[in-house]
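The data block below is structure_28.pdb; it holds PDB, C-alpha atoms, pLDDT in the B column.
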ATOM      1  CA  MET A   1    -100.422 -86.231  16.829  1.00 58.00           C
ATOM      2  CA  CYS A   2     -98.247 -86.745  13.749  1.00 77.00           C
ATOM      3  CA  ALA A   3     -95.044 -84.714  13.741  1.00 84.00           C
ATOM      4  CA  HIS A   4     -91.881 -84.286  11.719  1.00 89.00           C
ATOM      5  CA  VAL A   5     -88.886 -85.304  13.839  1.00 92.00           C
ATOM      6  CA  LEU A   6     -85.269 -84.673  12.880  1.00 94.00           C
ATOM      7  CA  VAL A   7     -82.877 -87.203  14.451  1.00 95.00           C
ATOM      8  CA  ALA A   8     -79.201 -86.228  14.716  1.00 94.00           C
ATOM      9  CA  ASP A   9     -76.984 -89.050  15.994  1.00 93.00           C
ATOM     10  CA  ASP A  10     -73.640 -90.289  14.666  1.00 91.00           C
ATOM     11  CA  ASP A  11     -74.430 -93.809  15.924  1.00 90.00           C
ATOM     12  CA  LEU A  12     -75.973 -95.149  12.717  1.00 92.00           C
ATOM     13  CA  ARG A  13     -77.540 -98.180  14.401  1.00 92.00           C
ATOM     14  CA  GLN A  14     -79.090 -96.150  17.214  1.00 91.00           C
ATOM     15  CA  ALA A  15     -80.367 -93.516  14.794  1.00 92.00           C
ATOM     16  CA  GLU A  16     -82.053 -96.215  12.707  1.00 92.00           C
ATOM     17  CA  VAL A  17     -83.748 -97.681  15.801  1.00 93.00           C
ATOM     18  CA  ILE A  18     -85.103 -94.225  16.692  1.00 93.00           C
ATOM     19  CA  ARG A  19     -86.297 -93.691  13.120  1.00 92.00           C
ATOM     20  CA  ARG A  20     -88.186 -96.998  13.123  1.00 93.00           C
ATOM     21  CA  TYR A  21     -89.898 -96.276  16.432  1.00 92.00           C
ATOM     22  CA  LEU A  22     -90.898 -92.800  15.242  1.00 92.00           C
ATOM     23  CA  ARG A  23     -92.279 -94.185  11.974  1.00 90.00           C
ATOM     24  CA  ALA A  24     -94.198 -96.885  13.870  1.00 89.00           C
ATOM     25  CA  ALA A  25     -95.774 -94.137  16.000  1.00 88.00           C
ATOM     26  CA  GLY A  26     -96.969 -92.362  12.866  1.00 87.00           C
ATOM     27  CA  HIS A  27     -94.334 -89.625  12.754  1.00 89.00           C
ATOM     28  CA  GLU A  28     -92.220 -88.515   9.814  1.00 89.00           C
ATOM     29  CA  ALA A  29     -88.518 -88.945  10.592  1.00 92.00           C
ATOM     30  CA  THR A  30     -85.399 -87.527   8.946  1.00 92.00           C
ATOM     31  CA  VAL A  31     -81.988 -88.787  10.088  1.00 95.00           C
ATOM     32  CA  VAL A  32     -78.589 -87.054   9.916  1.00 94.00           C
ATOM     33  CA  HIS A  33     -75.273 -88.081  11.414  1.00 94.00           C
ATOM     34  CA  ASP A  34     -73.290 -84.934  12.207  1.00 93.00           C
ATOM     35  CA  GLY A  35     -73.898 -81.552  13.766  1.00 92.00           C
ATOM     36  CA  ARG A  36     -73.462 -79.525  10.600  1.00 93.00           C
ATOM     37  CA  GLN A  37     -76.148 -81.550   8.821  1.00 94.00           C
ATOM     38  CA  ALA A  38     -78.373 -81.225  11.890  1.00 94.00           C
ATOM     39  CA  LEU A  39     -78.126 -77.447  11.760  1.00 93.00           C
ATOM     40  CA  GLU A  40     -78.659 -77.279   8.000  1.00 93.00           C
ATOM     41  CA  GLN A  41     -81.628 -79.661   7.973  1.00 92.00           C
ATOM     42  CA  ALA A  42     -83.262 -78.032  11.009  1.00 92.00           C
ATOM     43  CA  ARG A  43     -83.174 -74.701   9.180  1.00 90.00           C
ATOM     44  CA  ARG A  44     -84.411 -76.183   5.915  1.00 89.00           C
ATOM     45  CA  LEU A  45     -87.081 -78.595   7.171  1.00 87.00           C
ATOM     46  CA  ARG A  46     -88.302 -76.693  10.257  1.00 87.00           C
ATOM     47  CA  PRO A  47     -89.150 -79.920  12.135  1.00 89.00           C
ATOM     48  CA  ASP A  48     -91.495 -80.094  15.106  1.00 87.00           C
ATOM     49  CA  LEU A  49     -88.842 -81.804  17.225  1.00 91.00           C
ATOM     50  CA  LEU A  50     -85.090 -82.332  17.064  1.00 93.00           C
ATOM     51  CA  VAL A  51     -83.644 -85.409  18.791  1.00 94.00           C
ATOM     52  CA  LEU A  52     -80.044 -84.273  19.191  1.00 92.00           C
ATOM     53  CA  ASP A  53     -77.023 -86.268  20.337  1.00 91.00           C
ATOM     54  CA  VAL A  54     -74.440 -84.210  22.215  1.00 89.00           C
ATOM     55  CA  MET A  55     -71.296 -85.917  20.927  1.00 88.00           C
ATOM     56  CA  MET A  56     -71.183 -85.643  17.119  1.00 89.00           C
ATOM     57  CA  PRO A  57     -68.581 -84.827  14.456  1.00 88.00           C
ATOM     58  CA  GLU A  58     -68.359 -81.458  12.673  1.00 89.00           C
ATOM     59  CA  LEU A  59     -70.381 -79.595  15.336  1.00 88.00           C
ATOM     60  CA  ASP A  60     -71.362 -80.972  18.721  1.00 88.00           C
ATOM     61  CA  GLY A  61     -74.965 -81.006  19.884  1.00 87.00           C
ATOM     62  CA  LEU A  62     -74.460 -78.193  22.385  1.00 88.00           C
ATOM     63  CA  HIS A  63     -73.290 -75.865  19.611  1.00 89.00           C
ATOM     64  CA  VAL A  64     -76.246 -76.877  17.443  1.00 91.00           C
ATOM     65  CA  CYS A  65     -78.704 -76.318  20.286  1.00 90.00           C
ATOM     66  CA  ARG A  66     -77.238 -72.916  21.157  1.00 87.00           C
ATOM     67  CA  THR A  67     -77.371 -71.769  17.525  1.00 89.00           C
ATOM     68  CA  LEU A  68     -80.897 -73.002  16.850  1.00 88.00           C
ATOM     69  CA  ARG A  69     -82.267 -71.546  20.044  1.00 84.00           C
ATOM     70  CA  GLU A  70     -81.228 -68.094  18.838  1.00 81.00           C
ATOM     71  CA  GLU A  71     -83.259 -68.661  15.663  1.00 82.00           C
ATOM     72  CA  SER A  72     -86.348 -70.678  16.589  1.00 81.00           C
ATOM     73  CA  ASP A  73     -88.384 -72.374  19.310  1.00 80.00           C
ATOM     74  CA  VAL A  74     -88.075 -75.878  17.814  1.00 85.00           C
ATOM     75  CA  LEU A  75     -88.393 -78.577  20.471  1.00 88.00           C
ATOM     76  CA  VAL A  76     -84.994 -80.046  21.357  1.00 90.00           C
ATOM     77  CA  LEU A  77     -84.537 -83.398  23.114  1.00 91.00           C
ATOM     78  CA  MET A  78     -80.846 -83.924  23.831  1.00 88.00           C
ATOM     79  CA  LEU A  79     -79.182 -87.332  24.115  1.00 88.00           C
ATOM     80  CA  THR A  80     -75.925 -87.788  25.989  1.00 83.00           C
ATOM     81  CA  ALA A  81     -73.683 -90.433  27.499  1.00 78.00           C
ATOM     82  CA  ARG A  82     -72.725 -87.957  30.225  1.00 68.00           C
ATOM     83  CA  THR A  83     -74.602 -88.352  33.487  1.00 60.00           C
ATOM     84  CA  GLY A  84     -73.320 -85.419  35.545  1.00 61.00           C
ATOM     85  CA  GLU A  85     -75.794 -82.778  36.715  1.00 61.00           C
ATOM     86  CA  GLU A  86     -73.551 -80.003  35.372  1.00 64.00           C
ATOM     87  CA  ASP A  87     -73.889 -81.387  31.837  1.00 63.00           C
ATOM     88  CA  LEU A  88     -77.663 -81.630  32.217  1.00 66.00           C
ATOM     89  CA  LEU A  89     -77.907 -78.061  33.453  1.00 71.00           C
ATOM     90  CA  LEU A  90     -75.662 -76.828  30.645  1.00 69.00           C
ATOM     91  CA  GLY A  91     -77.965 -78.393  28.079  1.00 69.00           C
ATOM     92  CA  LEU A  92     -81.002 -76.770  29.669  1.00 74.00           C
ATOM     93  CA  GLU A  93     -79.207 -73.448  29.941  1.00 76.00           C
ATOM     94  CA  LEU A  94     -78.522 -73.559  26.212  1.00 77.00           C
ATOM     95  CA  GLY A  95     -82.216 -74.081  25.551  1.00 78.00           C
ATOM     96  CA  ALA A  96     -82.878 -77.844  25.417  1.00 83.00           C
ATOM     97  CA  ASP A  97     -86.447 -78.817  26.330  1.00 84.00           C
ATOM     98  CA  ASP A  98     -85.550 -82.242  27.705  1.00 83.00           C
ATOM     99  CA  TYR A  99     -82.460 -84.343  28.307  1.00 83.00           C
ATOM    100  CA  LEU A 100     -82.082 -88.134  28.132  1.00 85.00           C
ATOM    101  CA  THR A 101     -78.950 -89.988  29.239  1.00 84.00           C
ATOM    102  CA  LYS A 102     -77.595 -93.113  27.582  1.00 83.00           C
ATOM    103  CA  PRO A 103     -78.239 -95.960  27.749  1.00 84.00           C
ATOM    104  CA  TYR A 104     -81.982 -95.519  27.418  1.00 87.00           C
ATOM    105  CA  SER A 105     -84.802 -97.670  26.113  1.00 90.00           C
ATOM    106  CA  PRO A 106     -86.560 -96.692  22.887  1.00 90.00           C
ATOM    107  CA  ARG A 107     -89.829 -96.793  24.832  1.00 90.00           C
ATOM    108  CA  GLU A 108     -88.572 -94.161  27.253  1.00 90.00           C
ATOM    109  CA  LEU A 109     -87.439 -92.005  24.342  1.00 91.00           C
ATOM    110  CA  MET A 110     -90.871 -92.277  22.724  1.00 91.00           C
ATOM    111  CA  ALA A 111     -92.542 -91.368  26.011  1.00 89.00           C
ATOM    112  CA  ARG A 112     -90.426 -88.195  26.134  1.00 88.00           C
ATOM    113  CA  VAL A 113     -91.296 -87.432  22.511  1.00 90.00           C
ATOM    114  CA  ARG A 114     -95.027 -87.841  23.196  1.00 87.00           C
ATOM    115  CA  THR A 115     -94.840 -85.607  26.260  1.00 83.00           C
ATOM    116  CA  LEU A 116     -92.961 -82.829  24.471  1.00 83.00           C
ATOM    117  CA  LEU A 117     -95.288 -82.858  21.484  1.00 84.00           C
ATOM    118  CA  ARG A 118     -98.370 -82.911  23.705  1.00 78.00           C
ATOM    119  CA  ARG A 119     -97.146 -79.952  25.748  1.00 69.00           C
ATOM    120  CA  ALA A 120     -96.385 -78.070  22.539  1.00 67.00           C
ATOM    121  CA  HIS A 121     -99.975 -78.481  21.301  1.00 61.00           C
ATOM    122  CA  ARG A 122    -101.580 -75.044  21.070  1.00 48.00           C
ATOM    123  CA  PRO A 123    -104.581 -74.532  23.391  1.00 49.00           C
ATOM    124  CA  VAL A 124    -107.576 -72.684  21.980  1.00 43.00           C
ATOM    125  CA  GLY A 125    -109.640 -69.909  23.512  1.00 46.00           C
ATOM    126  CA  VAL A 126    -107.249 -68.963  26.319  1.00 56.00           C
ATOM    127  CA  ALA A 127    -106.841 -65.245  26.961  1.00 67.00           C
ATOM    128  CA  GLU A 128    -103.501 -63.468  26.797  1.00 79.00           C
ATOM    129  CA  LYS A 129    -101.865 -62.792  30.156  1.00 87.00           C
ATOM    130  CA  ARG A 130    -100.033 -59.529  30.759  1.00 89.00           C
ATOM    131  CA  VAL A 131     -97.789 -58.614  33.686  1.00 92.00           C
ATOM    132  CA  GLY A 132     -95.945 -55.330  33.327  1.00 90.00           C
ATOM    133  CA  ARG A 133     -93.831 -55.394  30.166  1.00 92.00           C
ATOM    134  CA  VAL A 134     -94.420 -59.121  29.666  1.00 93.00           C
ATOM    135  CA  ALA A 135     -97.327 -60.537  27.642  1.00 91.00           C
ATOM    136  CA  LEU A 136     -97.920 -64.277  27.289  1.00 90.00           C
ATOM    137  CA  ASP A 137    -100.408 -65.850  24.885  1.00 86.00           C
ATOM    138  CA  PRO A 138    -101.108 -69.527  25.704  1.00 80.00           C
ATOM    139  CA  ALA A 139    -103.032 -69.943  22.449  1.00 73.00           C
ATOM    140  CA  THR A 140     -99.992 -69.255  20.295  1.00 77.00           C
ATOM    141  CA  HIS A 141     -97.216 -70.045  22.806  1.00 81.00           C
ATOM    142  CA  ARG A 142     -95.955 -66.518  22.186  1.00 85.00           C
ATOM    143  CA  VAL A 143     -94.182 -64.283  24.698  1.00 90.00           C
ATOM    144  CA  THR A 144     -93.417 -60.626  24.093  1.00 90.00           C
ATOM    145  CA  VAL A 145     -91.594 -57.963  26.089  1.00 91.00           C
ATOM    146  CA  ASP A 146     -92.644 -54.417  25.223  1.00 89.00           C
ATOM    147  CA  GLY A 147     -94.265 -55.898  22.136  1.00 85.00           C
ATOM    148  CA  GLU A 148     -91.074 -57.603  20.929  1.00 88.00           C
ATOM    149  CA  PRO A 149     -91.232 -61.428  20.704  1.00 88.00           C
ATOM    150  CA  ILE A 150     -88.806 -63.553  22.687  1.00 88.00           C
ATOM    151  CA  VAL A 151     -88.079 -67.264  22.307  1.00 85.00           C
ATOM    152  CA  CYS A 152     -88.734 -69.449  25.356  1.00 86.00           C
ATOM    153  CA  THR A 153     -88.127 -73.139  25.851  1.00 83.00           C
ATOM    154  CA  ARG A 154     -91.088 -75.251  26.976  1.00 81.00           C
ATOM    155  CA  GLY A 155     -89.788 -75.316  30.544  1.00 84.00           C
ATOM    156  CA  GLU A 156     -89.322 -71.549  30.623  1.00 89.00           C
ATOM    157  CA  PHE A 157     -92.770 -71.020  29.121  1.00 89.00           C
ATOM    158  CA  ALA A 158     -94.404 -73.337  31.679  1.00 88.00           C
ATOM    159  CA  ILE A 159     -92.826 -71.404  34.558  1.00 91.00           C
ATOM    160  CA  LEU A 160     -93.697 -68.012  33.104  1.00 92.00           C
ATOM    161  CA  ALA A 161     -97.277 -69.104  32.334  1.00 90.00           C
ATOM    162  CA  ALA A 162     -97.813 -70.275  35.908  1.00 89.00           C
ATOM    163  CA  MET A 163     -96.480 -67.008  37.314  1.00 92.00           C
ATOM    164  CA  CYS A 164     -98.499 -64.875  34.870  1.00 91.00           C
ATOM    165  CA  GLU A 165    -101.649 -66.597  36.114  1.00 86.00           C
ATOM    166  CA  GLN A 166    -100.983 -65.310  39.632  1.00 87.00           C
ATOM    167  CA  PRO A 167     -98.841 -62.153  39.568  1.00 89.00           C
ATOM    168  CA  ASP A 168     -97.121 -61.256  42.849  1.00 90.00           C
ATOM    169  CA  ARG A 169     -97.642 -64.743  44.234  1.00 91.00           C
ATOM    170  CA  VAL A 170     -94.461 -66.288  45.621  1.00 92.00           C
ATOM    171  CA  PHE A 171     -93.800 -69.689  44.053  1.00 92.00           C
ATOM    172  CA  SER A 172     -91.433 -72.112  45.724  1.00 90.00           C
ATOM    173  CA  ARG A 173     -88.982 -74.005  43.542  1.00 88.00           C
ATOM    174  CA  ALA A 174     -90.938 -77.199  44.277  1.00 85.00           C
ATOM    175  CA  GLN A 175     -94.152 -75.582  43.030  1.00 85.00           C
ATOM    176  CA  LEU A 176     -92.494 -74.382  39.835  1.00 87.00           C
ATOM    177  CA  LEU A 177     -90.935 -77.816  39.428  1.00 83.00           C
ATOM    178  CA  HIS A 178     -94.447 -79.265  39.449  1.00 79.00           C
ATOM    179  CA  HIS A 179     -95.387 -77.071  36.480  1.00 77.00           C
ATOM    180  CA  THR A 180     -92.445 -78.375  34.436  1.00 76.00           C
ATOM    181  CA  ARG A 181     -93.058 -82.061  35.178  1.00 64.00           C
ATOM    182  CA  GLY A 182     -93.622 -83.961  31.961  1.00 52.00           C
ATOM    183  CA  ILE A 183     -91.504 -81.458  30.041  1.00 51.00           C
ATOM    184  CA  ASP A 184     -88.222 -82.468  31.635  1.00 51.00           C
ATOM    185  CA  ARG A 185     -88.431 -85.478  33.917  1.00 50.00           C
ATOM    186  CA  SER A 186     -84.850 -84.937  34.991  1.00 53.00           C
ATOM    187  CA  SER A 187     -85.691 -81.541  36.461  1.00 59.00           C
ATOM    188  CA  THR A 188     -84.493 -80.657  39.929  1.00 71.00           C
ATOM    189  CA  GLU A 189     -84.981 -77.531  42.001  1.00 75.00           C
ATOM    190  CA  ARG A 190     -81.606 -76.381  40.709  1.00 81.00           C
ATOM    191  CA  THR A 191     -82.999 -76.697  37.185  1.00 83.00           C
ATOM    192  CA  ILE A 192     -85.641 -74.129  38.141  1.00 88.00           C
ATOM    193  CA  ASP A 193     -82.866 -71.677  39.006  1.00 90.00           C
ATOM    194  CA  VAL A 194     -81.398 -72.166  35.518  1.00 89.00           C
ATOM    195  CA  HIS A 195     -84.783 -71.530  33.882  1.00 90.00           C
ATOM    196  CA  VAL A 196     -85.272 -68.381  35.971  1.00 93.00           C
ATOM    197  CA  MET A 197     -81.780 -67.157  35.077  1.00 92.00           C
ATOM    198  CA  ASN A 198     -82.563 -67.667  31.369  1.00 91.00           C
ATOM    199  CA  LEU A 199     -85.913 -65.900  31.697  1.00 94.00           C
ATOM    200  CA  ARG A 200     -84.275 -62.896  33.349  1.00 94.00           C
ATOM    201  CA  ARG A 201     -81.899 -62.581  30.416  1.00 92.00           C
ATOM    202  CA  LYS A 202     -84.908 -62.408  28.130  1.00 93.00           C
ATOM    203  CA  ILE A 203     -87.400 -60.238  30.017  1.00 93.00           C
ATOM    204  CA  GLU A 204     -85.289 -57.953  32.218  1.00 93.00           C
ATOM    205  CA  THR A 205     -83.535 -54.800  31.034  1.00 92.00           C
ATOM    206  CA  ASP A 206     -80.727 -55.610  33.481  1.00 93.00           C
ATOM    207  CA  PRO A 207     -80.775 -59.307  34.452  1.00 91.00           C
ATOM    208  CA  GLN A 208     -78.371 -58.567  37.316  1.00 92.00           C
ATOM    209  CA  ARG A 209     -80.900 -56.145  38.825  1.00 93.00           C
ATOM    210  CA  PRO A 210     -84.290 -57.713  38.058  1.00 93.00           C
ATOM    211  CA  VAL A 211     -87.428 -55.660  38.621  1.00 93.00           C
ATOM    212  CA  GLN A 212     -90.038 -58.171  37.436  1.00 94.00           C
ATOM    213  CA  LEU A 213     -88.846 -61.716  38.093  1.00 95.00           C
ATOM    214  CA  LEU A 214     -87.762 -61.405  41.704  1.00 94.00           C
ATOM    215  CA  THR A 215     -86.107 -63.726  44.183  1.00 94.00           C
ATOM    216  CA  VAL A 216     -87.798 -64.096  47.558  1.00 92.00           C
ATOM    217  CA  TYR A 217     -84.871 -65.351  49.588  1.00 91.00           C
ATOM    218  CA  GLY A 218     -85.452 -68.604  51.390  1.00 87.00           C
ATOM    219  CA  VAL A 219     -88.781 -69.130  49.591  1.00 90.00           C
ATOM    220  CA  GLY A 220     -88.662 -68.913  45.792  1.00 92.00           C
ATOM    221  CA  TYR A 221     -89.626 -66.493  43.038  1.00 95.00           C
ATOM    222  CA  ARG A 222     -92.435 -64.101  42.097  1.00 93.00           C
ATOM    223  CA  LEU A 223     -93.393 -62.152  38.996  1.00 94.00           C
ATOM    224  CA  THR A 224     -94.447 -58.535  39.384  1.00 93.00           C
ATOM    225  CA  ALA A 225     -95.427 -55.678  37.100  1.00 87.00           C
ATOM    226  CA  GLY A 226     -92.149 -53.998  38.052  1.00 75.00           C
ATOM    227  CA  GLY A 227     -93.584 -50.484  38.121  1.00 59.00           C
ATOM    228  CA  ALA A 228     -94.453 -50.688  34.411  1.00 52.00           C
TER     229      ALA A 228
END
Whole structure, C-alpha cells version:
Amino acid sequence: MCAHVLVADDDLRQAEVIRRYLRAAGHEATVVHDGRQALEQARRLRPDLLVLDVMMPELDGLHVCRTLREESDVLVLMLTARTGEEDLLLGLELGADDYLTKPYSPRELMARVRTLLRRAHRPVGVAEKRVGRVALDPATHRVTVDGEPIVCTRGEFAILAAMCEQPDRVFSRAQLLHHTRGIDRSSTERTIDVHVMNLRRKIETDPQRPVQLLTVYGVGYRLTAGGA
C-alpha cells in the first residue's frame, strides 16, 4: 500500500537514504531535521507513519512522540543509537509503535515500515467487540470507554483485541507477546507489562485498582466486564 511517511532525523545523509528507499517502495516521503519541525509537519500533513529519531535538536524524539500521542494515533517508528532495554521501554511507554536501534540496514527499516502499515490496514466486516465499559471496533481501529474514544498504539490495540475476543480468559505474557509480533519485533514479556500499564491508564477509572484489566499473579492478565 502507498503511504505518506514523515521522516525526522538530523542526520541528513541517513534521512536521504530513508527517503530514497521509501520513494522506491512507492511511498510519499517528507523529510525534516529537528523535533520542532517534526511536530509541526506531523500536525499539518497528518502522515500515515512517522519515522522519528530520538536524538534531535530543538525537541527530542521522545518529547515529539509524547505530544503527538496525546493528539493522534499516527504510527510512530522510533530510531535510536541507545540499545538499553530501559530506553526501549520508555519509547513504548510514550506510545511508539516500534523501535529500531542504530546501526540498522535500510532493508530492515523497510520491513518494519511494511509490517506497521499492513497491521494498520482496516479490516472490513468485523463486528464490534464489547466487554464492560470497553468497546473495540476492528473495522475502524477505534476503542471507546463509556462511549468516549481513547487513543491506543498498535501494540496496545493488538493486546486489547485479543482479550476482547475471549473475555475472562487468562492470557500469559507469552501469548500476548505472540499477538504483538510483527508490530514490535523487539518486544519482550516485560514490554507486555508496559502495554498493560498504559491500557489501564486509558480504560480504568483508577489504574491503581483495576476492575477490568486484571493481573492473575504468576500467570498473566485477563479482561473482564468489571461489574459493568
Tell me which residues the PyMOL selection byres ((chain A and resi 56-72) around 7) grabs here, as an mmCIF file with C-alpha atoms, keeping the file's coordinate frame.
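Result file result_39.cif:
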data_model
loop_
_atom_site.group_PDB
_atom_site.id
_atom_site.type_symbol
_atom_site.label_atom_id
_atom_site.label_comp_id
_atom_site.auth_asym_id
_atom_site.auth_seq_id
_atom_site.Cartn_x
_atom_site.Cartn_y
_atom_site.Cartn_z
ATOM 1 C CA ASP A 9 -76.984 -89.050 15.994
ATOM 2 C CA ASP A 10 -73.640 -90.289 14.666
ATOM 3 C CA ASP A 34 -73.290 -84.934 12.207
ATOM 4 C CA GLY A 35 -73.898 -81.552 13.766
ATOM 5 C CA ARG A 36 -73.462 -79.525 10.600
ATOM 6 C CA LEU A 39 -78.126 -77.447 11.760
ATOM 7 C CA LEU A 52 -80.044 -84.273 19.191
ATOM 8 C CA ASP A 53 -77.023 -86.268 20.337
ATOM 9 C CA VAL A 54 -74.440 -84.210 22.215
ATOM 10 C CA MET A 55 -71.296 -85.917 20.927
ATOM 11 C CA ASP A 73 -88.384 -72.374 19.310
ATOM 12 C CA VAL A 74 -88.075 -75.878 17.814
ATOM 13 C CA GLY A 91 -77.965 -78.393 28.079
ATOM 14 C CA LEU A 94 -78.522 -73.559 26.212
ATOM 15 C CA GLY A 95 -82.216 -74.081 25.551
ATOM 16 C CA ALA A 96 -82.878 -77.844 25.417
ATOM 17 C CA VAL A 151 -88.079 -67.264 22.307
#
Taking the file as I've supplied it (selection: the PyMOL selection byres ((chain A and resi 147) around 9)), which residues are included? Please answer as a compact mmCIF listing (two decimals) with C-alpha atoms, in the frame of the given file.
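Done, and the output landed in part_19.txt:
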# COMPACT_ATOMS: atom_id res chain seq x y z
CA ARG A 133 -93.83 -55.39 30.17
CA VAL A 134 -94.42 -59.12 29.67
CA ALA A 135 -97.33 -60.54 27.64
CA VAL A 143 -94.18 -64.28 24.70
CA THR A 144 -93.42 -60.63 24.09
CA VAL A 145 -91.59 -57.96 26.09
CA ASP A 146 -92.64 -54.42 25.22
CA GLU A 148 -91.07 -57.60 20.93
CA PRO A 149 -91.23 -61.43 20.70
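The gap separating atom CA of Val216 of chain A from atom CA of Met163 of chain A is 13.7 Å, in Å to one decimal.
Using all atoms listed in the file, the smallest distance between any of A:His141, A:Thr224, A:Gln37, A:Gln14 and Pro103 of chain A comes from A:Gln14.
Comparing the minimum interatomic distances between Leu79 of chain A and each of A:Asp137, A:Glu28, A:Glu40, A:Asp97, counting only C-alpha atoms, we find that A:Asp97 sits nearest.
Counting only C-alpha atoms and comparing A:Ala3, A:Ala174, A:Val76, A:Met110, the residue that lies closest to Ile18 of chain A is A:Met110.
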Name the residues that the PyMOL selection byres ((chain A and resi 161) around 10) pulls out of this structure, and write them as a list in words. Lys129, Ala135, Leu136, Asp137, Pro138, His141, Val143, Gly155, Glu156, Phe157, Ala158, Ile159, Leu160, Ala162, Met163, Cys164, Glu165, Gln166 and His179 of chain A
Any chance you could work out the axis-aligned box around segment 169-181 of chain A, listed atoms only, 6 Å on each side, giving centre and edge lengths in Å to one decimal, as JSON?
{"center_x": -93.3, "center_y": -73.4, "center_z": 40.1, "size_x": 20.7, "size_y": 29.3, "size_z": 23.3}
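Distance-wise, atom CA of Arg43 of chain A and atom CA of Thr30 of chain A end up 13.0 Å apart.
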One decimal, in Å: what's the spacing between atom CA of Arg114 of chain A and atom CA of Thr153 of chain A? 16.5 Å
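Considering only C-alpha atoms, the residue among A:Val113, A:Val131, A:Leu214, A:Leu89 positioned nearest to Val194 of chain A is A:Leu89.
Counting only C-alpha atoms and comparing A:Leu92, A:Ala139, A:Cys2, A:Leu12, the residue that lies closest to Arg118 of chain A is A:Cys2.
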